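The file target29.cif contains mmCIF, C-alpha atoms:
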data_target
#
loop_
_atom_site.label_atom_id
_atom_site.label_comp_id
_atom_site.auth_asym_id
_atom_site.auth_seq_id
_atom_site.Cartn_x
_atom_site.Cartn_y
_atom_site.Cartn_z
CA MET A 11 272.52 40.78 137.64
CA LYS A 12 270.29 38.09 139.09
CA TYR A 13 268.06 37.78 136.03
CA LEU A 14 270.86 37.27 133.53
CA PHE A 15 270.37 33.52 133.40
CA THR A 16 266.64 33.77 132.78
CA VAL A 17 267.03 36.46 130.15
CA GLY A 18 269.76 34.50 128.37
CA LEU A 19 267.68 31.33 128.44
CA GLY A 20 264.56 33.07 127.15
CA ALA A 21 266.42 34.86 124.36
CA ALA A 22 268.09 31.62 123.31
CA ALA A 23 264.68 29.92 123.28
CA GLY A 24 263.21 32.70 121.11
CA LEU A 25 266.14 32.46 118.72
CA SER A 26 265.86 28.67 118.50
CA ALA A 27 262.12 28.90 117.90
CA ARG A 28 262.70 31.34 115.05
CA TRP A 29 265.39 29.06 113.64
CA TYR A 30 263.09 26.03 113.85
CA MET A 31 260.37 27.87 111.96
CA LEU A 32 262.85 29.14 109.39
CA ARG A 33 264.24 25.74 108.48
CA ARG A 34 260.80 24.23 108.21
CA ASP A 35 259.90 26.50 105.33
CA TYR A 36 259.53 24.31 102.25
CA ARG A 37 259.55 27.26 99.87
CA GLN A 38 263.30 27.39 100.37
CA TYR A 39 263.09 31.04 101.09
CA PRO A 40 265.24 32.55 102.48
CA SER A 41 267.90 30.28 101.06
CA TYR A 42 271.07 32.28 101.49
CA PRO A 43 272.95 33.12 104.71
CA GLN A 44 272.11 36.80 104.30
CA GLY A 45 268.41 36.01 104.50
CA TRP A 46 268.93 33.72 107.44
CA ALA A 47 271.03 36.34 109.22
CA ILE A 48 268.26 38.92 108.90
CA HIS A 49 265.55 36.65 110.26
CA LEU A 50 267.62 35.04 112.99
CA PHE A 51 268.71 38.43 114.24
CA LEU A 52 265.13 39.68 114.31
CA GLY A 53 264.16 36.45 116.06
CA PHE A 54 266.89 37.08 118.63
CA ILE A 55 265.63 40.60 119.26
CA GLY A 56 262.11 39.23 119.62
CA GLY A 57 263.38 36.56 122.01
CA LEU A 58 265.18 39.16 124.07
CA ILE A 59 262.06 41.30 124.32
CA GLY A 60 259.97 38.32 125.40
CA ALA A 61 262.62 37.19 127.90
CA ILE A 62 262.95 40.57 129.61
CA ILE A 63 259.24 40.95 130.28
CA PRO A 64 258.98 38.51 133.26
CA PRO A 65 261.99 39.99 135.15
CA ALA A 66 260.65 43.48 134.50
CA PHE A 67 257.33 42.37 135.97
CA LEU A 68 259.01 40.91 139.03
CA GLU A 69 260.86 44.15 139.58
CA GLY A 70 257.60 46.04 139.20
CA ASP A 71 259.14 48.14 136.47
CA PHE A 72 256.05 48.85 134.44
CA SER A 73 257.59 51.61 132.37
CA ALA A 74 260.10 49.05 131.13
CA ILE A 75 257.26 46.71 130.21
CA SER A 76 255.48 49.46 128.31
CA PHE A 77 258.63 50.13 126.34
CA LEU A 78 259.08 46.46 125.59
CA LEU A 79 255.55 46.19 124.29
CA LEU A 80 256.18 49.25 122.18
CA ALA A 81 259.33 47.62 120.81
CA ALA A 82 257.37 44.47 119.99
CA THR A 83 255.09 46.43 117.69
CA GLN A 84 258.14 47.34 115.60
CA PHE A 85 257.96 43.87 114.09
CA ARG A 86 255.30 45.20 111.79
CA GLU A 87 258.28 46.41 109.78
CA VAL A 88 259.15 42.81 109.00
CA ARG A 89 256.04 42.52 106.91
CA ASN A 90 256.93 45.65 104.96
CA MET A 91 260.46 44.42 104.49
CA GLU A 92 259.35 41.05 103.11
CA ARG A 93 256.72 42.62 100.90
CA ASN A 94 259.19 45.10 99.43
CA THR A 95 261.80 42.43 98.80
CA LEU A 96 259.40 40.02 97.14
CA THR A 97 257.68 42.73 95.12
CA ALA A 98 261.06 43.95 93.89
CA MET A 99 261.98 40.43 92.85
CA GLU A 100 258.67 39.86 91.11
CA ALA A 101 259.98 41.27 87.83
CA THR A 102 262.74 38.66 87.81
CA GLU A 103 260.38 35.68 88.12
CA MET A 104 259.39 33.81 84.97
CA VAL A 105 256.07 33.07 86.60
CA GLY A 106 255.26 35.74 89.17
CA ARG A 107 254.05 34.99 92.68
CA GLY A 108 251.31 37.56 92.46
CA SER A 109 250.53 40.12 95.13
CA GLY A 110 248.17 37.77 96.99
CA TYR A 111 250.93 35.26 97.59
CA ILE A 112 253.44 37.95 98.52
CA GLU A 113 251.09 39.34 101.17
CA GLY A 114 250.63 35.84 102.56
CA ILE A 115 254.37 35.20 102.81
CA ALA A 116 254.99 38.62 104.36
CA ARG A 117 252.34 38.00 107.01
CA VAL A 118 253.80 34.62 107.89
CA PHE A 119 257.23 36.14 108.37
CA GLU A 120 255.82 38.81 110.65
CA ALA A 121 253.79 36.30 112.64
CA ARG A 122 256.78 34.06 113.22
CA ASN A 123 258.56 36.80 115.11
CA TYR A 124 255.59 37.12 117.42
CA LEU A 125 255.71 33.37 117.97
CA ALA A 126 259.39 33.72 118.89
CA ILE A 127 258.38 36.36 121.45
CA TRP A 128 255.72 34.06 122.91
CA VAL A 129 258.18 31.20 123.25
CA ALA A 130 260.79 33.42 124.91
CA LEU A 131 258.16 34.84 127.26
CA ALA A 132 256.97 31.37 128.29
CA VAL A 133 260.49 30.05 128.82
CA ALA A 134 261.52 33.09 130.87
CA THR A 135 258.39 32.78 133.00
CA VAL A 136 258.98 29.09 133.70
CA SER A 137 262.62 29.81 134.38
CA GLU A 138 261.73 32.41 136.99
CA VAL A 139 259.22 30.06 138.62
CA VAL A 140 261.82 27.36 139.27
CA ASP A 141 264.67 29.80 139.99
CA PRO A 142 267.41 29.28 141.31
CA ASN A 143 267.52 25.58 140.40
CA ARG A 144 269.78 25.93 137.31
CA PRO A 145 269.47 22.41 135.83
CA LEU A 146 265.70 22.46 136.27
CA GLN A 147 265.54 25.92 134.64
CA VAL A 148 267.38 24.64 131.60
CA ILE A 149 265.42 21.40 131.30
CA SER A 150 262.00 22.94 131.83
CA GLY A 151 262.98 25.77 129.48
CA ILE A 152 263.90 23.36 126.71
CA VAL A 153 260.73 21.32 127.19
CA VAL A 154 258.47 24.38 127.18
CA ALA A 155 260.26 25.85 124.17
CA MET A 156 259.97 22.64 122.17
CA ILE A 157 256.32 22.03 122.96
CA LEU A 158 255.32 25.61 122.35
CA SER A 159 257.30 25.98 119.12
CA TRP A 160 255.86 22.79 117.74
CA LEU A 161 252.34 23.67 118.81
CA LEU A 162 252.41 27.23 117.51
CA ASN A 163 254.02 26.18 114.26
CA HIS A 164 251.48 23.40 113.89
CA LEU A 165 248.58 25.78 114.49
CA MET A 166 250.01 28.20 111.96
CA GLN A 167 249.95 25.67 109.16
CA GLY A 168 247.11 26.47 106.82
CA HIS A 169 245.47 24.23 104.30
CA VAL A 170 247.01 23.10 101.06
CA ILE A 171 245.14 22.72 97.77
CA GLY A 172 245.11 18.94 98.24
CA ASP A 173 242.95 19.42 101.37
CA ILE A 174 240.31 21.54 99.72
CA ALA A 175 240.10 20.14 96.20
CA ASP A 176 240.35 17.00 94.11
CA ILE A 177 242.98 17.17 91.42
CA GLU A 178 242.89 15.16 88.21
CA LEU A 179 244.69 15.23 84.89
CA VAL A 180 242.73 16.31 81.82
CA ASP A 181 243.62 16.25 78.13
CA ILE A 182 244.78 19.21 76.10
CA GLU A 183 243.26 19.69 72.67
CA PHE A 184 242.89 22.45 70.13
CA ASP A 185 239.72 23.98 68.79
CA GLY A 186 241.19 25.87 65.83
CA PRO A 187 243.85 28.07 67.43
CA VAL A 188 242.23 27.90 70.88
CA LEU A 189 243.73 25.63 73.48
CA VAL A 190 240.99 23.72 75.28
CA ALA A 191 241.43 21.60 78.39
CA GLY A 192 238.63 20.04 80.40
CA GLY A 193 236.08 21.89 78.27
CA VAL A 194 237.50 25.31 79.11
CA HIS A 195 239.02 27.67 76.54
CA LEU A 196 242.34 28.68 78.02
CA MET A 197 244.21 30.64 75.40
CA ASN A 198 244.73 31.38 71.76
CA VAL A 199 247.95 29.89 70.47
CA GLY A 200 248.81 31.42 67.11
CA LEU A 201 251.83 29.46 65.97
CA PRO A 202 251.46 25.86 64.74
CA GLU A 203 254.83 25.01 66.24
CA ALA A 204 253.71 26.21 69.66
CA ARG A 205 250.51 24.17 69.37
CA GLN A 206 252.60 21.07 68.67
CA THR A 207 254.72 21.80 71.74
CA TRP A 208 251.62 22.08 73.90
CA LEU A 209 250.24 18.81 72.59
CA GLN A 210 253.49 16.93 73.02
CA LYS A 211 254.87 18.36 76.26
CA GLY A 212 251.97 20.13 77.93
CA LEU A 213 249.89 18.90 80.85
CA ALA A 214 246.57 20.06 82.22
CA VAL A 215 244.88 19.48 85.56
CA ARG A 216 241.41 20.12 86.86
CA ILE A 217 241.25 21.36 90.45
CA ARG A 218 237.75 20.62 91.65
CA PRO A 219 236.76 22.25 94.97
CA LYS A 220 235.33 19.99 97.68
CA GLY A 221 232.56 22.40 98.66
CA PRO A 222 231.06 25.84 98.10
CA ASN A 223 233.42 27.50 100.58
CA TRP A 224 236.43 26.20 98.74
CA LYS A 225 234.87 27.04 95.41
CA ALA A 226 234.85 30.68 96.44
CA THR A 227 238.42 30.38 97.72
CA LEU A 228 239.71 28.91 94.47
CA GLY A 229 238.04 31.75 92.58
CA ASN A 230 240.57 34.21 93.99
CA ILE A 231 242.99 35.53 91.37
CA GLY A 232 245.85 35.63 93.86
CA GLN A 233 245.22 31.98 94.63
CA MET A 234 245.26 31.09 90.93
CA GLN A 235 248.55 32.89 90.44
CA ALA A 236 250.01 31.20 93.52
CA ILE A 237 249.12 27.80 92.07
CA ALA A 238 250.84 28.67 88.78
CA HIS A 239 253.91 30.04 90.53
CA ASP A 240 254.40 27.26 93.07
CA THR A 241 253.82 24.49 90.55
CA SER A 242 256.32 26.04 88.16
CA SER A 243 258.90 26.43 90.88
CA MET A 244 258.42 22.83 92.03
CA LEU A 245 258.42 21.19 88.59
CA GLY A 246 260.53 23.58 86.58
CA ILE A 247 259.20 25.16 83.45
CA TYR A 248 259.74 24.82 79.71
CA MET A 249 259.95 28.38 78.49
CA ASP A 250 262.40 31.12 77.73
CA VAL A 251 262.20 34.79 78.60
CA GLY A 252 259.49 36.44 76.53
CA GLU A 253 257.92 33.20 75.28
CA GLN A 254 254.49 34.09 76.45
CA GLU A 255 252.76 31.26 74.66
CA PHE A 256 254.29 28.80 77.12
CA VAL A 257 253.39 30.61 80.31
CA PRO A 258 251.32 28.39 82.63
CA ILE A 259 247.75 29.56 82.77
CA VAL A 260 245.02 29.00 85.34
CA ARG A 261 241.42 29.59 84.33
CA ARG A 262 238.09 29.03 86.00
CA GLU A 263 235.31 26.83 84.78
CA ARG A 264 232.27 29.05 85.21
CA GLU A 265 229.79 26.26 85.76
CA SER A 266 231.48 24.27 88.53
CA GLY A 267 234.01 26.77 89.89
CA SER A 268 236.79 24.28 89.15
CA LEU A 269 240.15 25.60 88.08
CA ILE A 270 241.96 24.32 85.02
CA MET A 271 245.69 24.80 84.85
CA ILE A 272 247.87 24.20 81.82
CA ILE A 273 251.63 24.06 82.11
CA ILE A 274 254.62 22.73 80.22
CA PRO A 275 256.87 21.39 82.96
CA SER A 276 260.54 20.61 82.43
CA GLU A 277 259.65 16.95 82.38
CA ARG A 278 256.28 15.61 81.44
CA ASP A 279 255.18 13.72 84.54
CA GLY A 280 251.48 13.81 85.36
CA LYS A 281 251.79 12.29 88.84
CA ALA A 282 254.40 14.84 89.85
CA LEU A 283 252.14 17.62 88.59
CA VAL A 284 249.16 16.43 90.64
CA GLU A 285 251.40 16.12 93.69
CA ALA A 286 252.86 19.59 93.17
CA VAL A 287 249.45 21.22 92.80
CA SER A 288 248.13 19.45 95.88
CA ARG A 289 250.96 20.95 97.95
CA VAL A 290 250.36 24.57 97.00
CA PRO A 291 249.27 26.48 100.10
CA VAL A 292 245.81 27.99 100.32
CA LEU A 293 246.38 31.70 100.76
CA GLU A 294 245.03 33.26 103.89
CA GLY A 295 243.82 36.23 101.90
CA ALA A 296 241.93 33.96 99.49
CA VAL A 297 239.87 32.04 102.04
CA ARG A 298 236.17 32.76 101.69
CA LYS A 299 233.39 31.22 103.72
CA PRO A 300 230.11 32.06 102.02
CA LEU A 301 228.40 29.20 103.86
CA GLN A 302 228.85 31.10 107.14
CA SER A 303 226.52 33.80 105.91
CA ALA A 304 222.73 33.65 105.89
CA ALA A 305 222.59 34.34 102.17
CA GLY A 306 225.20 31.68 101.45
CA LYS A 307 223.24 29.09 103.46
CA MET A 308 220.10 29.81 101.47
CA LEU A 309 221.92 29.01 98.25
CA ASP A 310 223.38 25.75 99.46
CA MET B 3 246.00 41.84 85.06
CA ALA B 4 248.57 43.64 82.96
CA GLU B 5 247.59 45.95 80.18
CA LYS B 6 247.34 44.09 76.90
CA GLN B 7 248.38 45.68 73.67
CA ILE B 8 248.34 44.70 70.02
CA LEU B 9 251.84 45.42 68.77
CA ALA B 10 251.46 44.29 65.17
CA ILE B 11 249.20 42.44 62.77
CA VAL B 12 250.37 39.92 60.21
CA THR B 13 247.84 38.99 57.55
CA LYS B 14 247.29 37.27 54.22
CA ASN B 15 244.04 39.05 53.75
CA ARG B 16 244.40 42.74 52.92
CA GLU B 17 240.67 43.40 53.10
CA LYS B 18 240.28 42.20 56.66
CA VAL B 19 242.70 44.56 58.36
CA GLY B 20 243.11 48.26 58.79
CA GLY B 21 243.87 50.98 61.29
CA THR B 22 246.97 52.71 62.49
CA GLY B 23 249.05 49.84 63.86
CA PRO B 24 251.91 48.17 62.03
CA ILE B 25 250.52 45.67 59.50
CA PHE B 26 252.66 43.09 57.74
CA PHE B 27 251.36 41.33 54.62
CA ALA B 28 252.19 37.73 53.82
CA ASP B 29 251.54 35.79 50.64
CA SER B 30 251.36 32.29 52.10
CA ASP B 31 250.68 30.47 55.36
CA GLU B 32 254.38 29.71 55.70
CA GLU B 33 255.35 33.32 55.33
CA LEU B 34 252.65 34.35 57.77
CA VAL B 35 253.92 31.98 60.44
CA HIS B 36 257.53 32.89 59.77
CA THR B 37 256.95 36.63 60.02
CA ALA B 38 254.79 36.21 63.09
CA THR B 39 257.43 34.06 64.80
CA LEU B 40 260.18 36.56 64.09
CA LEU B 41 258.09 39.47 65.31
CA ALA B 42 257.03 37.62 68.45
CA ARG B 43 260.64 36.87 69.34
CA VAL B 44 261.77 40.44 68.75
CA LEU B 45 258.88 41.91 70.68
CA ALA B 46 258.80 39.25 73.42
CA ALA B 47 255.11 38.88 72.79
CA ALA B 48 252.59 36.16 72.01
CA VAL B 49 251.00 35.30 68.67
CA HIS B 50 247.24 34.87 68.59
CA ASP B 51 245.37 33.55 65.60
CA LEU B 52 242.20 35.33 64.52
CA ASP B 53 241.26 32.38 62.29
CA ASN B 54 240.67 34.59 59.25
CA GLY B 55 244.14 34.56 57.76
CA SER B 56 245.42 37.11 60.25
CA VAL B 57 247.41 36.86 63.43
CA VAL B 58 248.00 39.55 66.04
CA ILE B 59 251.15 40.00 68.09
CA VAL B 60 250.03 40.84 71.61
CA ARG B 61 252.01 41.83 74.64
CA HIS B 62 250.42 40.59 77.85
#

File written out as structure tokens:
Amino acid sequence: MKYLFTVGLGAAAGLSARWYMLRRDYRQYPSYPQGWAIHLFLGFIGGLIGAIIPPAFLEGDFSAISFLLLAATQFREVRNMERNTLTAMEATEMVGRGSGYIEGIARVFEARNYLAIWVALAVATVSEVVDPNRPLQVISGIVVAMILSWLLNHLMQGHVIGDIADIELVDIEFDGPVLVAGGVHLMNVGLPEARQTWLQKGLAVRIRPKGPNWKATLGNIGQMQAIAHDTSSMLGIYMDVGEQEFVPIVRRERESGSLIMIIIPSERDGKALVEAVSRVPVLEGAVRKPLQSAAGKMLD
Amino acid sequence: MAEKQILAIVTKNREKVGGTGPIFFADSDEELVHTATLLARVLAAAVHDLDNGSVVIVRH
């Protein structure tokens, strides 16, 4: 089996690339070995598929290549799997991720398997080029895998809220029973005790978009929910099951398109809140670019 | 957006409320708040003030 070395090297590279992308995930998901096992195994399969393609080409076995490409499309299932898992867990979250965020995460997980295939394919190709020089195969394989994994992972990183908006703290006040922050009516709090809690422990931020494109992006409901979810999971949250008056809320200022978020974090720390909000990812599905259109340009 | 629903009304003002939902009458502000709090906890719902001596218990 003269291609065994190349195939092994490529598959290992694909697996390592998948592992590298898994551990770089700040959301701490998946966090348990079961989750890791699922994704590493899928990464290994992807790596194997990518690694077998160059030898199959060299052998002129095009039916094998067709089958491999067919197998690669099966990774679509990964997206379904992630979506189903996260949607099923949604009911157990104090502050839900929202379907927009879930779709984004599911897509990222699917895409990472394709990246693993690319890395394995590149490593196997390089390995075949310098064959049969074993040390050179290993060294060039490692170099190619590292560069490509870093590059692809780097390119895959989207924006975060801090890139597209300015974030500042604003005061919470009450207009009768209505909670007002930054001039926006956020919600009606009926119980005096709850109003006191908001005034003492609550924090509010204004997220002001840096341009019309980002204004449209921030207006996405999925994006608003993602901000509430991620901030609560980073800072912790002061509420019990069923205490709906303490749920973090994100609302839009009609005039400027800014978002106002109110939240009662576990600890009242304004700086930490601004930092947390600035690190929330901008969802792929929320990105809007009205300025790219003729009509949008006329308005600007 | 989830379906919102008024589960109950607590009021001091008998003239201002009506309809088919559960209505609880209170004689003072304290009683109003107390009843509303208890109901909100039981129903896992939020209390919203209508600013006319009535509050509604709403599930979001």

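Applied to this file, the PyMOL selection byres ((chain A) within 6 of (chain B)) selects Pro187, Asn198, Val199, Gly200, Gly252, Gln254 and Glu255 of chain A.
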
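As for CA of Gln210 in chain A and CA of Leu269 in chain A, they are spaced 21.9 Å apart.
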
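Evaluated on this file, the PyMOL selection byres ((chain A and resi 92-103) around 9) matches A:Glu87, A:Val88, A:Arg89, A:Asn90, A:Met91, A:Met104, A:Val105, A:Gly106, A:Arg107, A:Gly108, A:Ser109, A:Ile112, A:Glu113, A:Ile115, A:Ala116, A:Arg117, A:Phe119, A:Glu120, A:His239.
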
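Residues within 8 Å of range 149-163 of chain A, counting all atoms listed in the file and excluding same-chain residues fewer than 4 positions away, are Leu19, Gly20, Ala23, Ala27, Tyr30, Met31, Leu125, Val129, Ala130, Ala132, Val133, Ala134, Val136, Ser137, Pro145 and Gln167 of chain A.
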
List the residues matched by the PyMOL selection byres ((chain B and resi 32) around 12) in the displayed structure as a list in words, ordered by chain and then by residue number.
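That expression, the PyMOL selection byres ((chain B and resi 32) around 12), corresponds here to Leu201, Pro202 and Glu203 of chain A; Val12, Thr13, Lys14, Ala28, Asp29, Ser30, Asp31, Glu33, Leu34, Val35, His36, Thr37, Ala38, Thr39 and Gly55 of chain B.
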
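In this model, the gap between CA of Ser303 in chain A and CA of Ile174 in chain A comes to 19.5 Å.
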
Can you sort out range 27-47 of chain B so it carries N, CA and C atoms, written as a short mmCIF file (atom, residue, chain, number, x, y, z; two decimals), in the coordinates of the input?
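File produced: rebuild-v7.cif:
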data_model
loop_
_atom_site.label_atom_id
_atom_site.label_comp_id
_atom_site.auth_asym_id
_atom_site.auth_seq_id
_atom_site.Cartn_x
_atom_site.Cartn_y
_atom_site.Cartn_z
N PHE B 27 252.10 42.20 55.55
CA PHE B 27 251.36 41.33 54.62
C PHE B 27 252.19 40.12 54.27
N ALA B 28 251.51 38.97 54.20
CA ALA B 28 252.19 37.73 53.82
C ALA B 28 251.44 37.12 52.65
N ASP B 29 252.19 36.38 51.82
CA ASP B 29 251.54 35.79 50.64
C ASP B 29 251.10 34.35 50.87
N SER B 30 251.70 33.70 51.88
CA SER B 30 251.36 32.29 52.10
C SER B 30 251.28 32.03 53.61
N ASP B 31 250.75 30.86 53.96
CA ASP B 31 250.68 30.47 55.36
C ASP B 31 252.07 30.41 55.98
N GLU B 32 253.01 29.86 55.18
CA GLU B 32 254.38 29.71 55.70
C GLU B 32 254.98 31.07 56.02
N GLU B 33 254.78 31.99 55.11
CA GLU B 33 255.35 33.32 55.33
C GLU B 33 254.69 34.00 56.52
N LEU B 34 253.39 33.78 56.65
CA LEU B 34 252.65 34.35 57.77
C LEU B 34 253.22 33.87 59.10
N VAL B 35 253.41 32.56 59.20
CA VAL B 35 253.92 31.98 60.44
C VAL B 35 255.34 32.45 60.70
N HIS B 36 256.14 32.49 59.62
CA HIS B 36 257.53 32.89 59.77
C HIS B 36 257.63 34.33 60.26
N THR B 37 256.92 35.22 59.61
CA THR B 37 256.95 36.63 60.02
C THR B 37 256.45 36.79 61.44
N ALA B 38 255.36 36.09 61.75
CA ALA B 38 254.79 36.21 63.09
C ALA B 38 255.78 35.72 64.14
N THR B 39 256.46 34.60 63.84
CA THR B 39 257.43 34.06 64.80
C THR B 39 258.55 35.06 65.05
N LEU B 40 259.08 35.61 63.94
CA LEU B 40 260.18 36.56 64.09
C LEU B 40 259.75 37.77 64.90
N LEU B 41 258.58 38.29 64.59
CA LEU B 41 258.09 39.47 65.31
C LEU B 41 257.88 39.15 66.79
N ALA B 42 257.31 37.98 67.06
CA ALA B 42 257.03 37.62 68.45
C ALA B 42 258.31 37.53 69.24
N ARG B 43 259.36 36.98 68.63
CA ARG B 43 260.64 36.87 69.34
C ARG B 43 261.23 38.25 69.60
N VAL B 44 261.19 39.10 68.59
CA VAL B 44 261.77 40.44 68.75
C VAL B 44 261.02 41.23 69.81
N LEU B 45 259.71 41.09 69.79
CA LEU B 45 258.88 41.91 70.68
C LEU B 45 258.60 41.24 72.02
N ALA B 46 259.09 40.01 72.20
CA ALA B 46 258.80 39.25 73.42
C ALA B 46 257.30 39.24 73.68
N ALA B 47 256.56 38.86 72.67
CA ALA B 47 255.11 38.88 72.79
C ALA B 47 254.53 37.57 72.25
#
